[in-house]
file final36.pdb (PDB, C-alpha atoms and all ligand atoms)
ATOM      1  CA  MET A  29     489.122 189.121 414.950
ATOM      2  CA  LYS A  30     492.722 188.624 413.899
ATOM      3  CA  VAL A  31     494.661 185.448 414.701
ATOM      4  CA  ARG A  32     496.992 187.453 416.961
ATOM      5  CA  ASP A  33     494.096 188.871 419.021
ATOM      6  CA  LEU A  34     492.519 185.451 419.430
ATOM      7  CA  MET A  35     495.838 183.949 420.565
ATOM      8  CA  GLN A  36     496.176 186.658 423.212
ATOM      9  CA  ALA A  37     492.576 186.154 424.374
ATOM     10  CA  ILE A  38     493.188 182.398 424.661
ATOM     11  CA  PHE A  39     496.414 182.926 426.631
ATOM     12  CA  ARG A  40     494.595 185.245 429.058
ATOM     13  CA  ALA A  41     491.673 182.853 429.508
ATOM     14  CA  SER A  42     493.769 179.699 429.962
ATOM     15  CA  ALA A  43     497.057 180.316 431.809
ATOM     16  CA  PRO A  44     497.920 184.036 431.841
ATOM     17  CA  ALA A  45     500.902 183.541 434.172
ATOM     18  CA  PHE A  46     502.524 180.925 431.943
ATOM     19  CA  PRO A  47     505.832 182.353 430.606
ATOM     20  CA  ASP A  48     505.903 183.044 426.865
ATOM     21  CA  ALA A  49     509.610 182.307 426.693
ATOM     22  CA  GLY A  50     510.189 178.657 425.952
ATOM     23  CA  SER A  51     506.524 177.899 425.304
ATOM     24  CA  CYS A  52     505.798 175.732 422.290
ATOM     25  CA  ASP A  53     502.507 177.565 421.719
ATOM     26  CA  VAL A  54     503.667 179.311 418.555
ATOM     27  CA  LEU A  55     502.508 179.689 414.963
ATOM     28  CA  HIS A  56     503.571 176.802 412.729
ATOM     29  CA  ALA A  57     502.397 178.379 409.488
ATOM     30  CA  GLY A  58     500.417 181.325 408.179
ATOM     31  CA  ASP A  59     499.786 184.878 409.197
ATOM     32  CA  PRO A  60     499.075 186.304 412.676
ATOM     33  CA  GLU A  61     497.356 189.290 411.019
ATOM     34  CA  ALA A  62     494.813 187.127 409.141
ATOM     35  CA  GLU A  63     491.135 187.672 409.964
ATOM     36  CA  VAL A  64     489.737 184.469 411.494
ATOM     37  CA  ARG A  65     486.764 183.238 409.440
ATOM     38  CA  ALA A  66     486.339 179.744 410.845
ATOM     39  CA  ILE A  67     488.361 177.626 413.272
ATOM     40  CA  ALA A  68     489.186 173.934 413.249
ATOM     41  CA  VAL A  69     490.661 172.416 416.426
ATOM     42  CA  CYS A  70     492.486 169.109 416.422
ATOM     43  CA  PHE A  71     494.883 166.862 418.302
ATOM     44  CA  MET A  72     497.342 167.143 415.424
ATOM     45  CA  ALA A  73     497.325 169.088 412.168
ATOM     46  CA  ASP A  74     498.004 166.055 409.995
ATOM     47  CA  MET A  75     497.145 166.028 406.286
ATOM     48  CA  GLY A  76     493.782 164.341 406.915
ATOM     49  CA  VAL A  77     492.783 167.098 409.328
ATOM     50  CA  LEU A  78     494.126 169.871 407.081
ATOM     51  CA  ARG A  79     492.130 168.580 404.088
ATOM     52  CA  LYS A  80     488.940 168.568 406.155
ATOM     53  CA  ALA A  81     489.740 172.029 407.531
ATOM     54  CA  ALA A  82     490.084 173.358 403.975
ATOM     55  CA  GLU A  83     486.788 171.661 403.017
ATOM     56  CA  ILE A  84     484.871 173.435 405.778
ATOM     57  CA  GLY A  85     486.569 176.766 405.053
ATOM     58  CA  ALA A  86     488.523 176.961 408.323
ATOM     59  CA  ASN A  87     491.442 179.374 407.934
ATOM     60  CA  LEU A  88     492.741 178.860 411.484
ATOM     61  CA  VAL A  89     493.728 175.395 412.689
ATOM     62  CA  ILE A  90     494.472 175.084 416.405
ATOM     63  CA  THR A  91     496.565 171.982 416.996
ATOM     64  CA  HIS A  92     497.639 170.433 420.286
ATOM     65  CA  GLU A  93     500.742 168.740 418.896
ATOM     66  CA  PRO A  94     503.432 169.624 416.343
ATOM     67  CA  THR A  95     502.741 170.094 412.639
ATOM     68  CA  PHE A  96     506.212 169.257 411.327
ATOM     69  CA  PHE A  97     507.186 166.281 413.459
ATOM     70  CA  SER A  98     509.205 167.706 416.344
ATOM     71  CA  SER A  99     508.473 169.557 419.540
ATOM     72  CA  ARG A 100     510.289 172.716 418.467
ATOM     73  CA  GLU A 101     509.160 172.574 414.821
ATOM     74  CA  ASP A 102     512.736 172.266 413.600
ATOM     75  CA  THR A 103     512.232 172.129 409.828
ATOM     76  CA  SER A 104     515.869 172.707 408.829
ATOM     77  CA  TRP A 105     516.333 168.996 408.024
ATOM     78  CA  LEU A 106     513.151 168.911 405.932
ATOM     79  CA  ARG A 107     513.981 171.420 403.182
ATOM     80  CA  GLY A 108     513.331 169.735 399.841
ATOM     81  CA  ASN A 109     511.697 166.709 401.512
ATOM     82  CA  PRO A 110     508.374 165.961 399.779
ATOM     83  CA  VAL A 111     506.498 165.261 403.019
ATOM     84  CA  TYR A 112     507.319 168.737 404.266
ATOM     85  CA  GLU A 113     507.155 170.605 400.965
ATOM     86  CA  LEU A 114     503.794 169.145 399.882
ATOM     87  CA  LYS A 115     502.230 169.714 403.306
ATOM     88  CA  LYS A 116     503.532 173.284 403.467
ATOM     89  CA  LYS A 117     502.273 173.979 399.934
ATOM     90  CA  PHE A 118     498.812 172.682 400.851
ATOM     91  CA  ILE A 119     498.688 174.933 403.927
ATOM     92  CA  GLU A 120     499.796 177.990 401.923
ATOM     93  CA  GLU A 121     497.488 177.364 398.954
ATOM     94  CA  ASN A 122     494.505 177.076 401.260
ATOM     95  CA  GLY A 123     495.382 180.201 403.239
ATOM     96  CA  ILE A 124     495.484 178.287 406.526
ATOM     97  CA  THR A 125     497.206 179.538 409.666
ATOM     98  CA  VAL A 126     498.272 176.774 412.052
ATOM     99  CA  TRP A 127     498.790 177.580 415.713
ATOM    100  CA  ARG A 128     499.773 175.246 418.531
ATOM    101  CA  PHE A 129     497.873 175.376 421.832
ATOM    102  CA  HIS A 130     499.634 172.945 424.129
ATOM    103  CA  ASP A 131     501.550 174.330 427.107
ATOM    104  CA  HIS A 132     498.853 176.801 428.104
ATOM    105  CA  MET A 133     496.207 174.055 427.820
ATOM    106  CA  HIS A 134     498.081 171.912 430.313
ATOM    107  CA  ALA A 135     498.976 174.873 432.569
ATOM    108  CA  ALA A 136     495.306 175.946 432.829
ATOM    109  CA  ARG A 137     493.525 174.991 436.070
ATOM    110  CA  PRO A 138     491.891 172.645 435.554
ATOM    111  CA  ASP A 139     494.180 171.257 432.821
ATOM    112  CA  LEU A 140     491.945 171.530 429.742
ATOM    113  CA  ILE A 141     492.973 168.144 428.349
ATOM    114  CA  TYR A 142     491.975 166.347 431.555
ATOM    115  CA  ALA A 143     488.792 168.448 431.672
ATOM    116  CA  GLY A 144     487.865 166.979 428.265
ATOM    117  CA  TRP A 145     488.867 163.485 429.382
ATOM    118  CA  GLU A 146     486.642 163.659 432.460
ATOM    119  CA  ARG A 147     483.745 165.056 430.511
ATOM    120  CA  LEU A 148     483.936 162.343 427.851
ATOM    121  CA  LEU A 149     484.155 159.536 430.401
ATOM    122  CA  GLY A 150     481.747 161.078 432.916
ATOM    123  CA  TRP A 151     484.451 160.866 435.607
ATOM    124  CA  GLU A 152     484.183 164.430 436.993
ATOM    125  CA  SER A 153     482.830 163.324 440.371
ATOM    126  CA  TYR A 154     485.416 160.534 440.792
ATOM    127  CA  ALA A 155     488.513 162.760 440.737
ATOM    128  CA  ARG A 156     490.656 162.898 443.861
ATOM    129  CA  SER A 157     493.706 165.029 444.447
ATOM    130  CA  GLY A 158     497.039 163.667 443.349
ATOM    131  CA  GLY A 159     500.540 164.526 442.275
ATOM    132  CA  HIS A 160     501.872 163.685 438.839
ATOM    133  CA  ALA A 161     498.979 161.557 437.641
ATOM    134  CA  ARG A 162     495.296 162.440 437.731
ATOM    135  CA  LEU A 163     493.729 160.108 440.297
ATOM    136  CA  TYR A 164     490.202 158.706 440.339
ATOM    137  CA  ARG A 165     488.286 156.478 442.741
ATOM    138  CA  LEU A 166     485.645 154.726 440.659
ATOM    139  CA  PRO A 167     482.751 152.572 441.806
ATOM    140  CA  GLU A 168     484.226 149.055 441.846
ATOM    141  CA  THR A 169     484.589 147.644 438.350
ATOM    142  CA  THR A 170     486.820 145.187 436.497
ATOM    143  CA  VAL A 171     489.726 145.862 434.190
ATOM    144  CA  ALA A 172     487.767 144.274 431.313
ATOM    145  CA  GLU A 173     484.832 146.627 431.903
ATOM    146  CA  LEU A 174     487.185 149.603 431.959
ATOM    147  CA  CYS A 175     488.752 148.478 428.674
ATOM    148  CA  GLU A 176     485.303 148.164 427.090
ATOM    149  CA  ALA A 177     484.376 151.667 428.266
ATOM    150  CA  PHE A 178     487.547 153.112 426.728
ATOM    151  CA  LYS A 179     486.960 151.291 423.440
ATOM    152  CA  ARG A 180     483.406 152.592 423.262
ATOM    153  CA  LYS A 181     484.054 156.180 424.332
ATOM    154  CA  LEU A 182     487.345 156.712 422.541
ATOM    155  CA  GLY A 183     486.361 154.844 419.366
ATOM    156  CA  MET A 184     489.124 152.239 419.597
ATOM    157  CA  PRO A 185     488.874 148.764 418.038
ATOM    158  CA  CYS A 186     491.125 147.422 420.803
ATOM    159  CA  VAL A 187     493.260 148.576 423.710
ATOM    160  CA  ARG A 188     496.525 147.169 425.044
ATOM    161  CA  LEU A 189     496.477 145.632 428.504
ATOM    162  CA  ILE A 190     499.058 144.431 430.987
ATOM    163  CA  GLY A 191     497.476 142.354 433.740
ATOM    164  CA  ASP A 192     494.366 140.303 434.380
ATOM    165  CA  PRO A 193     491.139 141.435 432.631
ATOM    166  CA  GLY A 194     489.083 139.949 435.469
ATOM    167  CA  MET A 195     490.885 141.961 438.153
ATOM    168  CA  LYS A 196     488.663 144.137 440.322
ATOM    169  CA  CYS A 197     489.693 147.778 440.530
ATOM    170  CA  ARG A 198     488.712 151.123 442.018
ATOM    171  CA  ASP A 199     491.787 153.322 442.265
ATOM    172  CA  ILE A 200     492.883 154.526 438.867
ATOM    173  CA  GLY A 201     495.683 156.859 437.823
ATOM    174  CA  VAL A 202     495.711 158.511 434.423
ATOM    175  CA  LEU A 203     498.749 159.913 432.641
ATOM    176  CA  VAL A 204     497.608 161.289 429.291
ATOM    177  CA  GLY A 205     499.782 161.877 426.249
ATOM    178  CA  GLY A 206     503.510 161.697 426.865
ATOM    179  CA  GLY A 207     503.153 162.075 430.652
ATOM    180  CA  SER A 208     503.511 158.316 431.029
ATOM    181  CA  LEU A 209     506.985 158.336 429.448
ATOM    182  CA  GLY A 210     508.348 159.810 432.666
ATOM    183  CA  LEU A 211     510.575 162.242 430.765
ATOM    184  CA  GLY A 212     512.939 163.782 433.270
ATOM    185  CA  ASP A 213     512.021 161.169 435.892
ATOM    186  CA  GLU A 214     511.692 157.671 434.505
ATOM    187  CA  LEU A 215     510.553 156.331 437.881
ATOM    188  CA  MET A 216     507.599 158.683 438.207
ATOM    189  CA  PRO A 217     504.786 156.551 436.641
ATOM    190  CA  ALA A 218     505.644 153.364 438.574
ATOM    191  CA  LYS A 219     506.368 155.297 441.782
ATOM    192  CA  THR A 220     502.995 157.014 441.481
ATOM    193  CA  MET A 221     501.321 153.604 441.189
ATOM    194  CA  ALA A 222     503.140 152.408 444.295
ATOM    195  CA  GLU A 223     502.780 155.532 446.432
ATOM    196  CA  GLU A 224     499.117 156.093 445.591
ATOM    197  CA  SER A 225     498.246 152.371 445.864
ATOM    198  CA  LEU A 226     496.748 152.439 442.379
ATOM    199  CA  ASP A 227     495.087 149.350 440.958
ATOM    200  CA  VAL A 228     495.295 150.510 437.349
ATOM    201  CA  LEU A 229     497.418 152.992 435.448
ATOM    202  CA  VAL A 230     495.812 154.285 432.246
ATOM    203  CA  CYS A 231     498.321 155.854 429.942
ATOM    204  CA  GLY A 232     499.292 157.351 426.653
ATOM    205  CA  GLU A 233     502.817 156.668 425.406
ATOM    206  CA  ILE A 234     504.830 153.853 426.990
ATOM    207  CA  VAL A 235     508.336 152.680 427.727
ATOM    208  CA  GLU A 236     508.221 148.896 427.768
ATOM    209  CA  TRP A 237     511.197 148.413 430.094
ATOM    210  CA  THR A 238     510.158 150.737 432.942
ATOM    211  CA  THR A 239     506.545 151.083 434.100
ATOM    212  CA  CYS A 240     505.268 148.289 431.837
ATOM    213  CA  ALA A 241     507.834 145.882 433.296
ATOM    214  CA  PHE A 242     506.913 146.885 436.864
ATOM    215  CA  VAL A 243     503.211 146.248 436.249
ATOM    216  CA  ARG A 244     503.893 143.028 434.371
ATOM    217  CA  ASP A 245     505.936 141.648 437.260
ATOM    218  CA  ALA A 246     503.220 142.726 439.703
ATOM    219  CA  ALA A 247     500.715 140.764 437.607
ATOM    220  CA  PHE A 248     503.022 137.698 437.447
ATOM    221  CA  LEU A 249     503.186 137.839 441.249
ATOM    222  CA  GLY A 250     499.402 137.935 441.583
ATOM    223  CA  LEU A 251     499.337 141.512 442.913
ATOM    224  CA  ASN A 252     496.424 143.790 442.121
ATOM    225  CA  LYS A 253     498.012 145.907 439.394
ATOM    226  CA  ALA A 254     497.180 146.473 435.730
ATOM    227  CA  MET A 255     498.001 148.959 433.017
ATOM    228  CA  ILE A 256     495.782 149.994 430.119
ATOM    229  CA  ILE A 257     497.628 151.576 427.198
ATOM    230  CA  LEU A 258     495.541 153.884 425.027
ATOM    231  CA  GLY A 259     498.232 155.908 423.282
ATOM    232  CA  HIS A 260     498.997 159.619 423.105
ATOM    233  CA  ASN A 261     496.414 160.583 420.517
ATOM    234  CA  ARG A 262     493.444 158.785 422.108
ATOM    235  CA  THR A 263     494.135 160.067 425.627
ATOM    236  CA  GLU A 264     494.499 163.707 424.565
ATOM    237  CA  GLU A 265     492.121 164.202 421.651
ATOM    238  CA  CYS A 266     489.199 164.340 424.088
ATOM    239  CA  GLY A 267     490.633 167.656 425.347
ATOM    240  CA  MET A 268     490.510 169.104 421.848
ATOM    241  CA  GLN A 269     486.995 167.718 421.427
ATOM    242  CA  TYR A 270     486.025 169.828 424.462
ATOM    243  CA  LEU A 271     487.799 172.946 423.155
ATOM    244  CA  PRO A 272     484.986 174.364 420.929
ATOM    245  CA  GLU A 273     482.794 174.642 424.031
ATOM    246  CA  TRP A 274     485.603 176.259 426.053
ATOM    247  CA  LEU A 275     486.367 178.685 423.211
ATOM    248  CA  SER A 276     482.780 179.784 422.621
ATOM    249  CA  PRO A 277     482.828 182.838 424.958
ATOM    250  CA  LEU A 278     486.034 184.064 423.286
ATOM    251  CA  VAL A 279     485.169 183.720 419.606
ATOM    252  CA  GLY A 280     481.683 185.218 419.345
ATOM    253  CA  ASP A 281     479.982 183.947 416.201
ATOM    254  CA  ILE A 282     483.107 182.578 414.499
ATOM    255  CA  PRO A 283     482.367 178.883 413.869
ATOM    256  CA  VAL A 284     484.607 176.356 415.663
ATOM    257  CA  GLU A 285     484.692 172.688 414.773
ATOM    258  CA  HIS A 286     486.665 169.769 416.176
ATOM    259  CA  ILE A 287     488.238 167.559 413.506
ATOM    260  CA  SER A 288     489.381 164.137 414.684
ATOM    261  CA  SER A 289     492.819 162.864 413.731
ATOM    262  CA  GLY A 290     491.464 159.355 414.225
ATOM    263  CA  GLU A 291     493.568 156.457 415.443
ATOM    264  CA  PRO A 292     497.174 157.039 414.381
ATOM    265  CA  VAL A 293     497.785 153.345 413.718
ATOM    266  CA  SER A 294     495.737 150.608 412.132
ATOM    267  CA  TYR A 295     495.534 147.072 413.480
ATOM    268  CA  ILE A 296     496.070 144.253 411.021
TER     269      ILE A 296
HETATM  270 ZN    ZN A 301     499.078 167.346 425.762
END
call {"tool": "encode", "arguments": {"input": "final36.pdb", "output": "C-alpha cells"}}
result
Amino acid sequence: MKVRDLMQAIFRASAPAFPDAGSCDVLHAGDPEAEVRAIAVCFMADMGVLRKAAEIGANLVITHEPTFFSSREDTSWLRGNPVYELKKKFIEENGITVWRFHDHMHAARPDLIYAGWERLLGWESYARSGGHARLYRLPETTVAELCEAFKRKLGMPCVRLIGDPGMKCRDIGVLVGGGSLGLGDELMPAKTMAEESLDVLVCGEIVEWTTCAFVRDAAFLGLNKAMIILGHNRTEECGMQYLPEWLSPLVGDIPVEHISSGEPVSYI
C-alpha cells in the first residue's frame, strides 16, 4: 500500500465530508508514492519520536501536531537554521514520510482524540451531550482523587490545579489540546463552565487571565469550581495511543506502533 492510498482510506474512514481545502492534514516530509512498510503514530513527530521510528523501521510517521513548529508548516524562516536542517536531514536519510492526521481526527464522529481519552480513563459510560466541551457526569469523587487518576493514567509526575483539592465533584468538562485556549471566542471555556454548571474543567493549554482567573475567583469565593491543567500533549496523546487499534482494519498486516512523545516539559 502506498502512502497516498492509505491517506485516502483514512480520510474515507474518519471524516469523508471534511473539506480538503484548508485542512492541515498534509504531508510534512517524504513521498506520497512510497510503499508503507511500517507505521509509527505519535502526538508529535519530535526528534525523540523520529529516532525511535527509524529504530523500529517505520517509514511512515503519522503525527497529530506539526513537525516544523507552526500550524501551516511555514518553513520559510527556518532555511539554514540547524534545528530545521538537522531534523530534515534525519527524516530524509531514514526514508521517512511524515503525514499529519489532525483535522479529520477531530471531525470524525466520535472525535477520535476524545474516543482515546475515554478509553484510557474508562469514562465511556459517563459521557453526556454537550456543546464545546466534552461533558461527563462521574460518580461523586474529589478533585484530589481526579488529579491522582490523571497522574496515574497519563504518566504525569504532577498536575496543575486551581481550586480546593478536597472539593467534591461530579460534573466535569474536558477541553483537550488547544480547545481550552478559546481561540476565536475567549469566553467559551468559562461560559461553558457556567452554562453547564460544571464543577471541574479539565484542560490542555491555558490562558492565565481568562478561564484560569474566573475559576480562581470562584475558588476564592468558596464556590464549587476547580480547574485541572494537564497540557496539550497529555490530553491528546491518548487519542494517538488508540489509533493503532482504529487503523487495524485499514492497514492489513502492516505493523502500526504508537510512540510516545512523553511529557514536553520537565519539572525541577
Ligand atoms: Zn488535536
call {"tool": "closest_residue", "arguments": {"input": "final36.pdb", "among": "A:Thr169, A:Ser208, A:Thr220, A:Asn109", "to": "ligand ZN 301 (chain A)", "atoms": "all atoms listed in the file"}}
result
A:Ser208
call {"tool": "atom_distance", "arguments": {"input": "final36.pdb", "atom1": "CA of Val243 (chain A)", "atom2": "CA of Val228 (chain A)"}}
result
9.1 Å
call {"tool": "atom_distance", "arguments": {"input": "final36.pdb", "atom1": "CA of Gly76 (chain A)", "atom2": "CA of His286 (chain A)"}}
result
12.9 Å
call {"tool": "resolve_selection", "arguments": {"input": "final36.pdb", "expression": "the PyMOL selection byres (((chain A and resi 159) around 12) and not hetatm)", "output": "PDB file with C-alpha atoms, keeping the file's coordinate frame"}}
result
ATOM      1  CA  ARG A 156     490.656 162.898 443.861  1.00  0.00           C
ATOM      2  CA  SER A 157     493.706 165.029 444.447  1.00  0.00           C
ATOM      3  CA  GLY A 158     497.039 163.667 443.349  1.00  0.00           C
ATOM      4  CA  HIS A 160     501.872 163.685 438.839  1.00  0.00           C
ATOM      5  CA  ALA A 161     498.979 161.557 437.641  1.00  0.00           C
ATOM      6  CA  ARG A 162     495.296 162.440 437.731  1.00  0.00           C
ATOM      7  CA  LEU A 163     493.729 160.108 440.297  1.00  0.00           C
ATOM      8  CA  GLY A 201     495.683 156.859 437.823  1.00  0.00           C
ATOM      9  CA  VAL A 202     495.711 158.511 434.423  1.00  0.00           C
ATOM     10  CA  LEU A 203     498.749 159.913 432.641  1.00  0.00           C
ATOM     11  CA  MET A 216     507.599 158.683 438.207  1.00  0.00           C
ATOM     12  CA  PRO A 217     504.786 156.551 436.641  1.00  0.00           C
ATOM     13  CA  LYS A 219     506.368 155.297 441.782  1.00  0.00           C
ATOM     14  CA  THR A 220     502.995 157.014 441.481  1.00  0.00           C
ATOM     15  CA  MET A 221     501.321 153.604 441.189  1.00  0.00           C
ATOM     16  CA  GLU A 223     502.780 155.532 446.432  1.00  0.00           C
ATOM     17  CA  GLU A 224     499.117 156.093 445.591  1.00  0.00           C
TER      18      GLU A 224
END
call {"tool": "residues_near_ligand", "arguments": {"input": "final36.pdb", "ligand": "ligand ZN 301 (chain A)", "cutoff": "6 Å", "atoms": "all atoms listed in the file", "output": "list in words"}}
result
His130, Gly205 and Glu264 of chain A
call {"tool": "closest_residue", "arguments": {"input": "final36.pdb", "among": "A:Gly259, A:Gly267, A:Gly191, A:Pro110", "to": "Phe129 (chain A)", "atoms": "only C-alpha atoms"}}
result
A:Gly267
call {"tool": "residues_around", "arguments": {"input": "final36.pdb", "residues": "Leu278 (chain A)", "least_positions_apart": "2", "cutoff": "9 Å", "atoms": "only C-alpha atoms", "output": "list in words"}}
result
Leu34, Ala37, Ile38, Ala41, Trp274, Leu275, Ser276 and Gly280 of chain A
call {"tool": "atom_distance", "arguments": {"input": "final36.pdb", "atom1": "CA of Asp139 (chain A)", "atom2": "CA of Ala222 (chain A)"}}
result
23.8 Å
call {"tool": "resolve_selection", "arguments": {"input": "final36.pdb", "expression": "the PyMOL selection byres (((chain A and resi 74) around 12) and not hetatm)", "output": "PDB file with C-alpha atoms, in the coordinates of the input"}}
result
ATOM      1  CA  VAL A  69     490.661 172.416 416.426  1.00  0.00           C
ATOM      2  CA  CYS A  70     492.486 169.109 416.422  1.00  0.00           C
ATOM      3  CA  PHE A  71     494.883 166.862 418.302  1.00  0.00           C
ATOM      4  CA  MET A  72     497.342 167.143 415.424  1.00  0.00           C
ATOM      5  CA  ALA A  73     497.325 169.088 412.168  1.00  0.00           C
ATOM      6  CA  MET A  75     497.145 166.028 406.286  1.00  0.00           C
ATOM      7  CA  GLY A  76     493.782 164.341 406.915  1.00  0.00           C
ATOM      8  CA  VAL A  77     492.783 167.098 409.328  1.00  0.00           C
ATOM      9  CA  LEU A  78     494.126 169.871 407.081  1.00  0.00           C
ATOM     10  CA  ARG A  79     492.130 168.580 404.088  1.00  0.00           C
ATOM     11  CA  LYS A  80     488.940 168.568 406.155  1.00  0.00           C
ATOM     12  CA  ALA A  81     489.740 172.029 407.531  1.00  0.00           C
ATOM     13  CA  VAL A  89     493.728 175.395 412.689  1.00  0.00           C
ATOM     14  CA  ILE A  90     494.472 175.084 416.405  1.00  0.00           C
ATOM     15  CA  THR A  91     496.565 171.982 416.996  1.00  0.00           C
ATOM     16  CA  HIS A  92     497.639 170.433 420.286  1.00  0.00           C
ATOM     17  CA  GLU A  93     500.742 168.740 418.896  1.00  0.00           C
ATOM     18  CA  PRO A  94     503.432 169.624 416.343  1.00  0.00           C
ATOM     19  CA  THR A  95     502.741 170.094 412.639  1.00  0.00           C
ATOM     20  CA  PHE A  96     506.212 169.257 411.327  1.00  0.00           C
ATOM     21  CA  PHE A  97     507.186 166.281 413.459  1.00  0.00           C
ATOM     22  CA  VAL A 111     506.498 165.261 403.019  1.00  0.00           C
ATOM     23  CA  TYR A 112     507.319 168.737 404.266  1.00  0.00           C
ATOM     24  CA  LYS A 115     502.230 169.714 403.306  1.00  0.00           C
ATOM     25  CA  LYS A 116     503.532 173.284 403.467  1.00  0.00           C
ATOM     26  CA  PHE A 118     498.812 172.682 400.851  1.00  0.00           C
ATOM     27  CA  ILE A 119     498.688 174.933 403.927  1.00  0.00           C
ATOM     28  CA  VAL A 126     498.272 176.774 412.052  1.00  0.00           C
ATOM     29  CA  ASN A 261     496.414 160.583 420.517  1.00  0.00           C
ATOM     30  CA  ILE A 287     488.238 167.559 413.506  1.00  0.00           C
ATOM     31  CA  SER A 288     489.381 164.137 414.684  1.00  0.00           C
ATOM     32  CA  SER A 289     492.819 162.864 413.731  1.00  0.00           C
ATOM     33  CA  GLY A 290     491.464 159.355 414.225  1.00  0.00           C
ATOM     34  CA  GLU A 291     493.568 156.457 415.443  1.00  0.00           C
ATOM     35  CA  PRO A 292     497.174 157.039 414.381  1.00  0.00           C
TER      36      PRO A 292
END
call {"tool": "resolve_selection", "arguments": {"input": "final36.pdb", "expression": "the PyMOL selection byres (((chain A and resi 46-55) around 8) and not hetatm)", "output": "MDAnalysis selection string"}}
result
chainID A and resid 43:45 56:58 60 99:100 125:132 135
call {"tool": "closest_residue", "arguments": {"input": "final36.pdb", "among": "A:Arg147, A:Arg244, A:Lys196, A:Arg180", "to": "Glu168 (chain A)", "atoms": "all atoms listed in the file"}}
result
A:Lys196
call {"tool": "closest_residue", "arguments": {"input": "final36.pdb", "among": "A:Thr263, A:Ser225, A:Thr238, A:Gln36", "to": "Val279 (chain A)", "atoms": "only C-alpha atoms"}}
result
A:Gln36
call {"tool": "residues_around", "arguments": {"input": "final36.pdb", "residues": "Cys197 (chain A)", "least_positions_apart": "4", "cutoff": "12 Å", "atoms": "only C-alpha atoms", "output": "count of residues only"}}
result
26
call {"tool": "residues_around", "arguments": {"input": "final36.pdb", "residues": "Arg262 (chain A)", "least_positions_apart": "4", "cutoff": "8 Å", "atoms": "only C-alpha atoms", "output": "compact mmCIF listing (two decimals) with C-alpha atoms, in the frame of the given file"}}
result
# COMPACT_ATOMS: atom_id res chain seq x y z
CA LEU A 182 487.34 156.71 422.54
CA GLY A 232 499.29 157.35 426.65
CA LEU A 258 495.54 153.88 425.03
CA CYS A 266 489.20 164.34 424.09
CA GLU A 291 493.57 156.46 415.44
call {"tool": "closest_residue", "arguments": {"input": "final36.pdb", "among": "A:Leu88, A:Glu83, A:Gly207, A:Ile296", "to": "Ile67 (chain A)", "atoms": "all atoms listed in the file"}}
result
A:Leu88
call {"tool": "closest_residue", "arguments": {"input": "final36.pdb", "among": "A:Met29, A:Ala66, A:Ala155, A:Ile141", "to": "Leu271 (chain A)", "atoms": "all atoms listed in the file"}}
result
A:Ile141
